[in-house]
Amino acid sequence: MANFFGMGGSMFGTSGTNNWMGGMSNLYADYNAIRNGSYRKLLKAYYGQDSSAKSRVQDVVSKKKTNAENKELTEAKADATELKDSASALSASGSKSLFNKKEIKTKDENGKEITTMGYDREAIEKAVTSFVDDYNSAITSGSKVNSTNMLRKTLQMTQMTQANKRMLSDVGINITSGNKLSVDKDTLGKADMNKLKSLFEGSGSYAGRISDKASQIAQAAVTESSKNSSLYTNSGNYNNKQNYSSVFDYFY
């Protein structure tokens, strides 16, 4: 019998008995832990880290969103600045006015050069076309930004254009879908110069007021970018009590 049961008098031997009893003890402890709720508390405490993880993920997502918004703001500022410049050039008065008569050199049917006083239509048409291109770009980028102030100013700019719809049409500039502008070059080339001057020359003209509004949009973009930048430190980390250089640091 001693040989059958082993030296310890057990069918499993002393070591086997201890392992078996230890396993049963662990199972019993686990069972009691489940019954008294210890496991639930442990799991809740463990998975409670998820809220912290979510917070860190949200910080990273928020930063990416802010970067995307800043990119849109930068584009809107650049487009608004270009519109301001082209509108200012078109609305310049005094000695810089495009609508001052100047010496125009042409050639007659025999090839002889003739000098006359008149308007430089080529320069005017080029300035108007540049203005329209910049206007369309500013409308596109200005309508994408996540800024109530900038959207309002962009809307005000389109309202100025709508108010001058008839006069613009008379000189070959038409409002198309999306509040964009298009140029009919033939009509523009033959447009009445007094109507062109009324629309575009001087600070109080349509072009002058568009220049002012474009300047406001550009400044608003700077303000919005400044607000977004304050959300993060100079090193690019989220600006709160905890700095997370990377969401992956948490998981790994």
# chains A, B, ... in the order shown; residues from 1 in each chain; ligands from 1
>>> residues_around(residues="segment 175-192 of chain A", least_positions_apart="4", cutoff="9 Å", atoms="only C-alpha atoms", output="PyMOL selection string")
chain A and resi 121-122+125+128-129+132-133+135-137+139-140+158+161-162+165+168-171+196-197
>>> select_by_dssp(residues="segment 64-245 of chain A", states="alpha helix (DSSP H)", output="VMD selection string")
chain A and resid 64 to 91 121 to 142 148 to 163 165 to 170 185 to 189 193 to 200 206 to 229
>>> residues_around(residues="Ser88 of chain A", least_positions_apart="5", cutoff="10 Å", atoms="only C-alpha atoms", output="list in words")
Glu82, Leu83, Ser93, Phe131, Phe200, Glu201, Gly202, Ser203, Ala207, Gly208, Arg209, Ile210, Ser211 and Asp212 of chain A
>>> atom_distance(atom1="atom CA of Ala138 of chain A", atom2="atom CA of Asp79 of chain A")
4.9 Å
>>> closest_residue(among="A:Leu155, A:Val145, A:Met160, A:Met193", to="Thr74 of chain A", atoms="only C-alpha atoms")
A:Val145
